[in-house]
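Novice: Here it is, the structure in full.
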Amino acid sequence: MSRVWNAVPDFFKQSDLRMVGGLLLLVYVVYALVNGFFAIVNNAGAVNAVVNSLASITFLMAVYAMMALALNLHWGYTGLFNIGIAGFMAVGVYASAILVAPPSGSPPGLGLPVPVAIVGGVLIAAIIGGIAALPALQLEADYLAIVTVGFSEIIRLTLQASHFAGTVQNPSASGYNVVSIFGVEFGTGGGQGITTISNSPMEFLFEGESGPTVLGQAVYPAADAIGIPEPVVLDLAYAFFLLLVVVSLYYVLLLRIGNSPFGRVLKAIREDDLVARSLGKDTRGFKIKVFMVGCGLMGLGGILWQGSFGFVNPNTFRPILTFYIFTALIVGGAGSNTGSVVGGAVFAAFLFEGPKLAARLIDAVAQLLFGGLPAPNNFYAAVVTLNPIAWLGYLVENVASLKFVFLGAVIVYLMQNRSDGLLGDRKEIASSVDLSQRPERPSAAADGGEPSDTAPSQGGEGS
Amino acid sequence: MSGDGQPADAEPAATAGPAEANIPDDADVDVEDIDPEAADSSVEEDAKTVPAGLPLRVQNLRKQFGGITAVDGASFEVEEGSLTGLIGPNGAGKSTTFNCITGVHQADGGTVLFQGEDITGRKPHEIANRGLVRTFQIARELEAMTVLENLMLAPRGQVGERMLHSILPGLRGDVVAQETELRDRVWETLEFFEIDHLAEEYAGNLSGGQRKLLELARALMVEPDMLLLDEPFAGVNPSLEEKLLDRIHDLREQGYTFLLVEHDMDLIMENCEHVIVMHQGKVLAEGSAEDIRNNDQVIDAYLGDEI
């Protein structure tokens with residue numbers, strides 16, 4: 001690991017922005033080369049394939065970075081072992097979907113405008129987080145984990161239950177299942193899922209009521225000329241919006257929360273709750289606040305992620321999603337905001353999508369060399385051929401499942417060799433000012449200004 | 001409220017009676033305990049009449065763990081500006097008394113008054129915010145935070161502890177200004193304790209003795225009126241012990257009040273003007289170091305005789 005790090009040019013190590021930029025550059029080069037190569041071998045449009053893959057990997061890196069940042073507030077800073085992330089994302093996505101759905105739809109909703117629905121979804125996720133926090137934060141770390149994962153499953157199963165689906169709207173029918181609170185009727189769609197606030201969030205920029213907007217008129221023909229269809233343009237625009245705008249906002253917000261007296265108390269809670277209390281900090285109040293803010297950010301993450309596909313069902317929010325996000329944070333380094341972003345990007349590009357990319361590369365090379373790989377039906381059929389090429393074919397064919405083995409192996413390796421994650425050992429001092437800056441003291445004005453110059457005799461220090 | 005409806009309360013006082021000089025006090029407290037409303041007002045009445053010289057008054061404190069009575073009707077007072085020592089053999093109930101005073105444990109009976117205010121059953125952070133701050137027997141530094149961060153954490157009333165102040169562009173200026181001021185104070189405190197060369201070190205990398213200094217420095221940053229130190233010299237080498245004692249004496253001269261739990265009798269005898277001896281959950285003796293030295297009961301307690 002350190003050898004790899006030493007090989008990185010110094011230019012990228014000088015600032016966090018350069019480091020993240022360098023990482024993105026690396027990801028883009030690798031993805032462009034492999035996908036371009038794959039497309040050419042398969043006689044498909046190379047430009048479209050490359051741009052499409054960049055859009056999808058940018059999207060994934062951005063959403064995992066966002067979620068890792070939100071989790072970093074809970075786990076990295078405050079030490080709250082929240083493994084109910086998927087549930088809080090579901091609350092955000094479903095709340096916004098219900099708020100925006102037309103009252104006449106199936107399931108019915110409140111018919112509110114999209115921006116109101118987004119804000120509402122975030123607030124409801126924060127409130128549900130607060131409700132979960134009230135009993136759960138009384139508990140020690142391990143029990144909090146159990147409560148949150150249970151809570152997340154309760155949310156998922158509630159959304160899946162047909163009782164609240166809102167699909168049978170005739171009050172006299174036997175399966176009537178519209179939820180009615182204070183006369184407001186809505187439903188969750190049950191197992192069928194629900195229409196989310198948008199299926200193409202960037203469309204409004206490019207297409208108006210009557211044909212393309214000015215931006216659309218400028219971009220669409222240019223994109224078309226190099227073989228990029230309109231939907232890919234929209235995907236690319238949204239992915240970069242998430243990466244450049246949303247992730248930056250999350251980052252700045254969390255940096256401000258972290259580098260402040262508030263963040264200092266959070267760190268102290270993580271280290272030793274009783275010490276913080278004995279110094280006069282109402283740690284319970286801090287924990288509830290931070291739990292609500294984190295859940296709100298998770299809800300927003302859900303809305304911008306799963307809420308952007310036009311449709312979602314409760315199965316999306318299985319606990320595995322929570323564990324992916326935890327993996328991203330652990331890879332990057334819990335406690336570090338830059339680490340969260342790096343972790344999100346590395347997880348998405350190399351752990352989550354990497355095996356698929358490797359399989360593509362192998363597939364393309366094999367096609368060039370010997371016209372394609374054999375594809376044995378099952379493990380037994382692959383083994384008995386005694387042909388390494390067939391084994392490789394089997395691996396490539398089943399990469400989607402083998403990805404989990406790979407992911408597990410990487411986590412085990414990381415835990416043993418670099419449990420702090422890629423950037424977890426960095427000092428991110430919780431203060432809004434540079435604490436190392438000493439006040440000017442005329443009496444101690446040794447000429448060098450070295451901090452250690454003024455240190456008193458070292459003899460008396462304990463050992 | 002913890003003392004309500006406990007008929008057993010009066011009994012230990014009665015059995016402990018002959019050895020103690022404070023029976024009337026105990027009786028008073030029990031009467032007050034029956035009605036919390038009335039108790040509050042009479043406590044406030046008390047505060048007016050009692051001279052301001054007794055910031056901490058512990059009255060008939062009781063704490064049980066299952067069948068074991070760790071503190072059994074302990075009563076004592078700490079004078080303002082004094083360095084009072086609390087000693088006693090292992091299991092005498094010193095640390096439990098500390099924990100009951102600072103809200104870490106809920107007392108089963110009795111009253112703790114700080115600056116004339118009833119703080120019995122208050123939460124630790126409420127007690128700390130009233131100016132009564134403690135350190136721990138085993139130094140509890142915040143390991144993954146630097147020494148500077150440890151000290152910056154402590155001050156009360158930081159505007160930046162409100163999340164919105166720390167986030168919003170308009171309000172963050174106040175936070176930065178206050179932190180700049182606090183930073184200067186933190187550096188001064190580090191210099192006072194001569195651990196300024198460790199400022200940017202992680203607290204977890206400090207030696208045992210340095211951690212004790214850090215704890216005391218951190219507690220001071222709260223700007224308390226009174227400090228409760230739980231065995232501040234345990235596991236500290238002699239030269240550092242000297243340094244720590246010097247600091248405590250300096251601070252006492254500045255007007256701080258100290259209550260010190262200690263195991264080492266000689267140390268207490270040499271440094272404390274007032275000494276309280278606990279044994280089996282009760283206050284066995286109280287007085288100047290000389291009184292205590294010549295007290296047969298104390299000698300017996302330390303030699304292990306049954307009393």
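Chain lettering (A, B, ...) mirrors the order of the structure tokens, residue numbering begins at 1 for each chain separately, and ligand numbering begins at 1 in order of display.
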What residues in range 206-241 of chain B get the DSSP label alpha helix (DSSP H)? Please answer as an NGL selection string.
Specialist: :B and (208-221 or 238-241)
Novice: Go ahead and save the residues from that selection, with N, CA and C atoms, as a CSV table (one decimal), in the first residue's frame.
Specialist:
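Saved as selection21.csv:
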```
chain,number,residue,atom,x,y,z
B,208,GLY,N,1.5,8.4,31.6
B,208,GLY,CA,0.5,8.4,32.7
B,208,GLY,C,0.4,9.7,33.5
B,209,GLY,N,1.6,10.2,33.8
B,209,GLY,CA,1.7,11.4,34.6
B,209,GLY,C,1.2,12.7,33.8
B,210,GLN,N,1.6,12.7,32.5
B,210,GLN,CA,1.2,13.8,31.7
B,210,GLN,C,-0.3,13.8,31.5
B,211,ARG,N,-0.9,12.6,31.5
B,211,ARG,CA,-2.3,12.6,31.4
B,211,ARG,C,-3.0,13.2,32.6
B,212,LYS,N,-2.4,13.0,33.8
B,212,LYS,CA,-3.0,13.6,35.0
B,212,LYS,C,-2.9,15.1,34.9
B,213,LEU,N,-1.8,15.6,34.4
B,213,LEU,CA,-1.6,17.1,34.3
B,213,LEU,C,-2.7,17.6,33.3
B,214,LEU,N,-2.8,16.8,32.2
B,214,LEU,CA,-3.8,17.2,31.2
B,214,LEU,C,-5.2,17.3,31.8
B,215,GLU,N,-5.6,16.3,32.6
B,215,GLU,CA,-6.9,16.2,33.2
B,215,GLU,C,-7.1,17.5,34.0
B,216,LEU,N,-6.1,17.8,34.8
B,216,LEU,CA,-6.3,18.9,35.7
B,216,LEU,C,-6.4,20.2,34.9
B,217,ALA,N,-5.6,20.3,33.9
B,217,ALA,CA,-5.6,21.5,33.0
B,217,ALA,C,-7.0,21.6,32.4
B,218,ARG,N,-7.5,20.5,31.9
B,218,ARG,CA,-8.8,20.5,31.2
B,218,ARG,C,-9.9,20.9,32.1
B,219,ALA,N,-9.8,20.4,33.4
B,219,ALA,CA,-10.9,20.7,34.3
B,219,ALA,C,-10.8,22.2,34.7
B,220,LEU,N,-9.6,22.8,34.7
B,220,LEU,CA,-9.5,24.2,35.0
B,220,LEU,C,-10.1,25.1,33.9
B,221,MET,N,-10.0,24.6,32.7
B,221,MET,CA,-10.5,25.3,31.6
B,221,MET,C,-12.0,25.6,31.7
B,238,PRO,N,7.5,10.7,41.6
B,238,PRO,CA,7.7,11.7,42.6
B,238,PRO,C,7.9,13.1,42.1
B,239,SER,N,8.7,13.2,41.1
B,239,SER,CA,9.1,14.6,40.6
B,239,SER,C,7.8,15.3,40.0
B,240,LEU,N,7.0,14.4,39.3
B,240,LEU,CA,5.8,15.0,38.7
B,240,LEU,C,4.8,15.2,39.8
B,241,GLU,N,4.8,14.4,40.8
B,241,GLU,CA,3.9,14.6,41.9
B,241,GLU,C,4.1,16.0,42.5
```
Novice: What lies within 7 Å of range 361-375 of chain A using only C-alpha atoms, ignoring chain neighbours under 6 positions off, as JSON, numbers by chain?
Specialist: {"A": [34, 38, 41, 389, 390, 393, 394, 397]}
Novice: Would you mind telling me which residue in B:Arg122, B:Arg185, B:His197, B:His105 lies nearest to chain A when using only C-alpha atoms?
Specialist: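 The shortest atom-to-atom distance to chain A comes from B:His197.
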Novice: Could you check the closest approach to chain A for each of B:Leu228, B:Met152, B:Leu284, B:Val298 and tell me which residue wins, using only C-alpha atoms?
Specialist: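 Among the listed residues, the smallest separation from chain A belongs to B:Met152.
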Novice: Hey, can you check how far CA of Ser106 in chain A sits from CA of Leu304 in chain A?
Specialist: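 Result for CA of Ser106 in chain A versus CA of Leu304 in chain A: 22.7 Å, one decimal.
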Novice: Skipping near chain neighbours, those fewer than 3 positions away, what residues fall within 7 Å of Glu161 in chain B using only C-alpha atoms, listed as a ChimeraX atom specification?
Specialist: /A:261-262 /B:158
Novice: Print the selection's residues with N, CA and C atoms to a file, as a PDB file, in the first residue's frame.
Specialist:
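Below is the file result.pdb, written as the result:
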```pdb
ATOM      1  N   PRO A 261     -16.565  24.145  17.773  1.00  0.00           N
ATOM      2  CA  PRO A 261     -16.789  23.631  19.130  1.00  0.00           C
ATOM      3  C   PRO A 261     -17.846  22.532  19.159  1.00  0.00           C
ATOM      4  N   PHE A 262     -18.837  22.629  18.275  1.00  0.00           N
ATOM      5  CA  PHE A 262     -19.857  21.584  18.199  1.00  0.00           C
ATOM      6  C   PHE A 262     -19.215  20.251  17.823  1.00  0.00           C
TER       7      PHE A 262
ATOM      8  N   GLN B 158     -19.623  28.078  25.109  1.00  0.00           N
ATOM      9  CA  GLN B 158     -19.058  28.344  23.788  1.00  0.00           C
ATOM     10  C   GLN B 158     -20.191  28.484  22.776  1.00  0.00           C
TER      11      GLN B 158
END
```
Novice: Considering only C-alpha atoms, can you say which of A:Leu255, A:Ile124, A:Leu157, A:Leu357 comes closest to chain B?
Specialist: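 Selected residue with least distance to chain B: A:Leu255.
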Novice: Residues near Leu24 in chain A, anyone? I mean within 12 Å using only C-alpha atoms, not counting same-chain ones fewer than 3 positions away, as a ChimeraX atom specification.
Specialist: /A:12,17-21,27-32,54,57-58,61-62,240,243-244,341-346,348-350
Novice: Could the residues in this selection be saved with C-alpha atoms as a PDB file, in the first residue's frame?
Specialist:
```pdb
ATOM      1  CA  PHE A  12      -1.497  15.272  -6.045  1.00  0.00           C
ATOM      2  CA  LEU A  17      -8.631  18.964  -3.800  1.00  0.00           C
ATOM      3  CA  ARG A  18      -5.714  17.803  -5.919  1.00  0.00           C
ATOM      4  CA  MET A  19      -5.828  14.384  -4.337  1.00  0.00           C
ATOM      5  CA  VAL A  20      -9.536  13.933  -5.056  1.00  0.00           C
ATOM      6  CA  GLY A  21      -9.026  15.436  -8.523  1.00  0.00           C
ATOM      7  CA  VAL A  27     -10.880   6.580 -12.532  1.00  0.00           C
ATOM      8  CA  TYR A  28     -11.882   8.387 -15.721  1.00  0.00           C
ATOM      9  CA  VAL A  29      -8.803   7.304 -17.643  1.00  0.00           C
ATOM     10  CA  VAL A  30      -9.215   3.667 -16.601  1.00  0.00           C
ATOM     11  CA  TYR A  31     -12.948   3.629 -17.350  1.00  0.00           C
ATOM     12  CA  ALA A  32     -12.574   5.463 -20.657  1.00  0.00           C
ATOM     13  CA  LEU A  54     -18.282   8.023 -17.240  1.00  0.00           C
ATOM     14  CA  ILE A  57     -19.440   5.907 -12.617  1.00  0.00           C
ATOM     15  CA  THR A  58     -19.552   9.604 -11.741  1.00  0.00           C
ATOM     16  CA  MET A  61     -18.971   7.890  -6.940  1.00  0.00           C
ATOM     17  CA  ALA A  62     -21.000  10.975  -6.085  1.00  0.00           C
ATOM     18  CA  PHE A 240     -21.704  16.091 -12.437  1.00  0.00           C
ATOM     19  CA  LEU A 243     -20.435  15.415  -7.781  1.00  0.00           C
ATOM     20  CA  LEU A 244     -19.559  19.078  -8.117  1.00  0.00           C
ATOM     21  CA  VAL A 341     -15.191  11.425  -0.337  1.00  0.00           C
ATOM     22  CA  VAL A 342     -12.161   9.367  -1.338  1.00  0.00           C
ATOM     23  CA  GLY A 343     -13.764   6.272   0.183  1.00  0.00           C
ATOM     24  CA  GLY A 344     -16.998   6.839  -1.719  1.00  0.00           C
ATOM     25  CA  ALA A 345     -15.112   7.240  -4.994  1.00  0.00           C
ATOM     26  CA  VAL A 346     -12.757   4.300  -4.440  1.00  0.00           C
ATOM     27  CA  ALA A 348     -17.801   2.873  -6.255  1.00  0.00           C
ATOM     28  CA  ALA A 349     -15.113   2.823  -8.938  1.00  0.00           C
ATOM     29  CA  PHE A 350     -12.884  -0.028  -7.808  1.00  0.00           C
TER      30      PHE A 350
END
```
Novice: Report the residues of range 69-123 of chain B whose backbone DSSP state falls under strand (DSSP E or B), written as a list of chain:residue names.
Specialist: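 For range 69-123 of chain B, the strand (DSSP E or B) set is B:Thr69, B:Ala70, B:Val71, B:Asp72, B:Gly73, B:Ala74, B:Ser75, B:Phe76, B:Glu77, B:Val78, B:Leu83, B:Thr84, B:Gly85, B:Leu86, B:Ile87, B:Gly109, B:Gly110, B:Thr111, B:Val112, B:Leu113, B:Phe114, B:Glu117, B:Asp118.
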